[in-house]
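> Sharing a structure here in structure tokens format.
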Amino acid sequence: MRNVAVDKAQYIAYPAPGAHPHRRDDEALPPHVIVLFGATGDLAKRKLIPGLAYLENSTFSPDIRVVATSLEDFTDEQFLAHAKQAIDQFATRQPTDEQWARFSGKVHYVPQAAGPEALAAAVAAAEAELGTDVRRLHYLSVPPKAAQAVITMLKDAGLVARSKVVMEKPFGTDLASAVELNQFVHKTFRESQIFRIDHFLGKEAAQNILAFRFANGLFEPIWNRNFIDHIQIDIPETLGLDQRADFYESTGAYKDMVVTHLFQVMAFVVMEPPTALEPRAISEEKNKVFRSMLPINPANVVRGQYQGYRQEKGVAPDSETETFIALTVGIDNWRWAGVPIYLRTGKRMAEGQRIISIAFKEAPRTMFPPASGVGEQGPDHLTFDLADESKVSLSFYGKRPGPGMRLEKLSMQFSTQETAEIADVMEAYERLILDAMRGDHTLFTTAEGIESLWERSAHLLEDPPMVKMYPQGTWGPNAIHQLIAPNAWRLPFERTWRE
Ligand code: BG6
């Protein structure tokens, strides 16, 4: 019998030179056929195909076969050429020729138009190559309106048994559609088989929020309204639409980013300590946060659209879709009552950043004269940078060396990039696909949580404020400043990060 672990060990050269990935989890997983719907779409190209190629060549993954499918009428060869191009362009770690050959030999393509029988036959052939006790992971990288047709196809193809299904966000487009989708999916799959993915929760930096808060005694005592003035979750992007006009036009920044990623990350920042690192305990605390959220008030929302958006291919000339959104959220519980949480995200903005910044209350009184610079650079901040090069920093006032007493902002920083474990960092999708294969729901979202979020969003969805135009390459419409006054946006950083 072939020893898979030893076999694979020689392929782990994927990470950067000098890296030393090691397997931390000895639990062997059964082989999986991964059925990838939307295999020629944008997400597959940027993340899923590069991620699957990396996983397949790593020691983490069980033996897999990929059955790729989409609306394109591709042959295996055509799909593989597409996949190779995607990896060349987007993979952060490039496979060697040998590694690519190893992965590509395990991928087959079936056009979705060939119907459920053809899909079932391709999966059966892949399973035959994998031996016994094979599981299935169906990855639905498709827009909300296509999800039901895919579920039906899986049912018709007889691919529900031994399977898990990963569903991409946004999960529905409002409360009614989310409830309907949940009910529809539940007719075919049990809740334990469903993995609603939010890739921000798979980012190392997002999980580090849990470690930071709940593995230390230092910060939790001050993690509340008595010490924290406000919180910002700010995710500007320089990216535009790329080829996603169709998806984006009917989605917009709120549904694409806020009701998904920003709220999920926010829950990690504000939830009560869970009783265990396991799905039920974590979901329970996150869902409590969503239930305590005040309904989003349209008066506390700035919707923006970058100039030139309406001229993009596939966009309506009178489109009201927002490419930018900033809003204030309130959590109405004992810990957070009265602490504003400011969220912002948008396309074609000045910088690509993903930060969470916690602003602490200022000292109640100060002996330092105004000319000392006290308070001049804003409050003390704790900042989580969720970028791929993730960082945590704490900024505070200190004395500038020299005569007199001049104060300036100093900062203590930790960067994962500077640690020996940097090679072990996994891309969010890789981590979550692996968790789904393992059946671990800890970092996935729940139907209840998503439904609460849509419910809290109802006023905004019914009565959205007009979109305000903003020039590309900026931080959004001017109204963002009034939205959070007298506070100020933490970005752009007044100081550059340590290189
Ligand atoms: C996706 C959104 O879920 O997240 C995109 O659909 C967005 O619009 C992307 O660009 C951002 O993810 P990341 O991991 O690149 O910050």
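In the structure tokens, chains take letters A, B, ... by order of appearance, with residues numbered from 1 within each chain and ligands from 1 in the order shown.
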Neighbouring residues of ligand 1 are defined here as those with any atom at most 10 Å from a ligand atom, counting only C-alpha atoms and all ligand atoms; list them as JSON, numbers by chain.
{"A": [42, 43, 46, 47, 168, 169, 170, 197, 198, 199, 200, 201, 202, 203, 235, 236, 237, 238, 239, 240, 241, 242, 244, 247, 248, 251, 252, 253, 255, 256, 257, 258, 260, 261, 323, 345, 346, 347, 352, 353, 354, 386, 387, 388, 427, 428, 429]}
> CA of Thr442 in chain A to CA of Leu210 in chain A: how many Å, to one decimal?
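For CA of Thr442 in chain A relative to CA of Leu210 in chain A, the distance reads 12.0 Å.
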> Would you list the contacts of His82 in chain A as a compact mmCIF listing (two decimals) with all heavy atoms, in the first residue's frame, taking every protein, DNA or RNA residue within 10 Å and counting only C-alpha atoms, but skipping same-chain residues closer than 6 positions in sequence?

# COMPACT_ATOMS: atom_id res chain seq x y z
N ALA A 39 -16.49 26.95 -11.50
CA ALA A 39 -15.04 26.72 -11.57
C ALA A 39 -14.31 27.66 -12.52
O ALA A 39 -13.08 27.75 -12.47
CB ALA A 39 -14.79 25.27 -12.02
N THR A 40 -15.07 28.39 -13.37
CA THR A 40 -14.38 29.34 -14.25
C THR A 40 -14.64 30.78 -13.79
O THR A 40 -14.29 31.72 -14.48
CB THR A 40 -14.85 29.18 -15.71
OG1 THR A 40 -16.27 29.31 -15.74
CG2 THR A 40 -14.46 27.82 -16.27
N LYS A 45 -10.80 31.47 -9.87
CA LYS A 45 -9.55 31.88 -10.52
C LYS A 45 -8.57 32.48 -9.50
O LYS A 45 -7.39 32.13 -9.46
CB LYS A 45 -9.94 32.94 -11.57
CG LYS A 45 -8.89 33.36 -12.52
CD LYS A 45 -9.52 34.25 -13.59
CE LYS A 45 -9.92 35.61 -13.01
NZ LYS A 45 -10.47 36.54 -13.98
N ILE A 49 -8.81 27.72 -7.16
CA ILE A 49 -7.93 26.83 -7.93
C ILE A 49 -6.50 26.89 -7.37
O ILE A 49 -5.91 25.84 -7.07
CB ILE A 49 -8.00 27.17 -9.44
CG1 ILE A 49 -9.41 26.85 -9.96
CG2 ILE A 49 -6.95 26.41 -10.23
CD1 ILE A 49 -9.69 27.32 -11.37
N PHE A 74 -16.24 23.77 -21.70
CA PHE A 74 -14.81 23.45 -21.80
C PHE A 74 -14.58 21.94 -21.89
O PHE A 74 -15.36 21.14 -21.36
CB PHE A 74 -14.07 23.94 -20.57
CG PHE A 74 -13.71 25.41 -20.58
CD1 PHE A 74 -13.20 26.01 -19.42
CD2 PHE A 74 -13.85 26.18 -21.72
CE1 PHE A 74 -12.85 27.35 -19.41
CE2 PHE A 74 -13.50 27.53 -21.72
CZ PHE A 74 -13.01 28.11 -20.56
N ASP A 76 -11.50 19.01 -20.73
CA ASP A 76 -10.51 18.95 -19.64
C ASP A 76 -9.32 19.85 -19.96
O ASP A 76 -8.85 20.63 -19.13
CB ASP A 76 -9.98 17.51 -19.48
CG ASP A 76 -10.90 16.68 -18.59
OD1 ASP A 76 -11.87 17.24 -18.05
OD2 ASP A 76 -10.63 15.47 -18.45
N ASP A 88 -0.78 30.92 -12.48
CA ASP A 88 0.34 31.80 -12.85
C ASP A 88 0.06 33.23 -12.41
O ASP A 88 0.93 33.93 -11.91
CB ASP A 88 0.56 31.79 -14.37
CG ASP A 88 1.12 30.46 -14.86
OD1 ASP A 88 1.59 29.68 -14.01
OD2 ASP A 88 1.08 30.21 -16.08
> Hey, what's within 9 Å of Gly338 in chain A if we count only C-alpha atoms and toss same-chain stuff fewer than 5 positions away? As JSON, numbers by chain, please?
{"A": [225, 229, 230, 330, 331, 332]}
> Go ahead and dump the residues you just picked, C-alpha atoms, as a PDB file, in the first residue's frame.

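Contents of part_25.pdb, as written:
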ATOM      1  CA  ARG A 225     -17.590  50.636  27.268  1.00  0.00           C
ATOM      2  CA  ASP A 229     -14.318  54.936  23.106  1.00  0.00           C
ATOM      3  CA  HIS A 230     -15.128  53.539  19.678  1.00  0.00           C
ATOM      4  CA  GLY A 330     -24.497  50.001  17.849  1.00  0.00           C
ATOM      5  CA  ILE A 331     -24.467  46.920  20.040  1.00  0.00           C
ATOM      6  CA  ASP A 332     -27.130  47.295  22.654  1.00  0.00           C
TER       7      ASP A 332
END
> Considering only C-alpha atoms, return as a list of chain:residue names whatever protein or nucleic-acid residues lie within 10 Å of range 131-134 of chain A, sequence-local ones (same chain, fewer than 6 positions apart) excluded.
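Skipping anything fewer than 6 positions along the chain leaves A:Leu29, A:Pro30, A:Pro31, A:His32, A:Val33, A:Asp63, A:Ile64, A:Arg162, A:Ser163.
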> So which residues of range 178-312 of chain A fall under alpha helix (DSSP H) by DSSP, listed as a PyMOL selection string?
chain A and resi 178-188+204-214+245-249+252-253+263-270+279-292
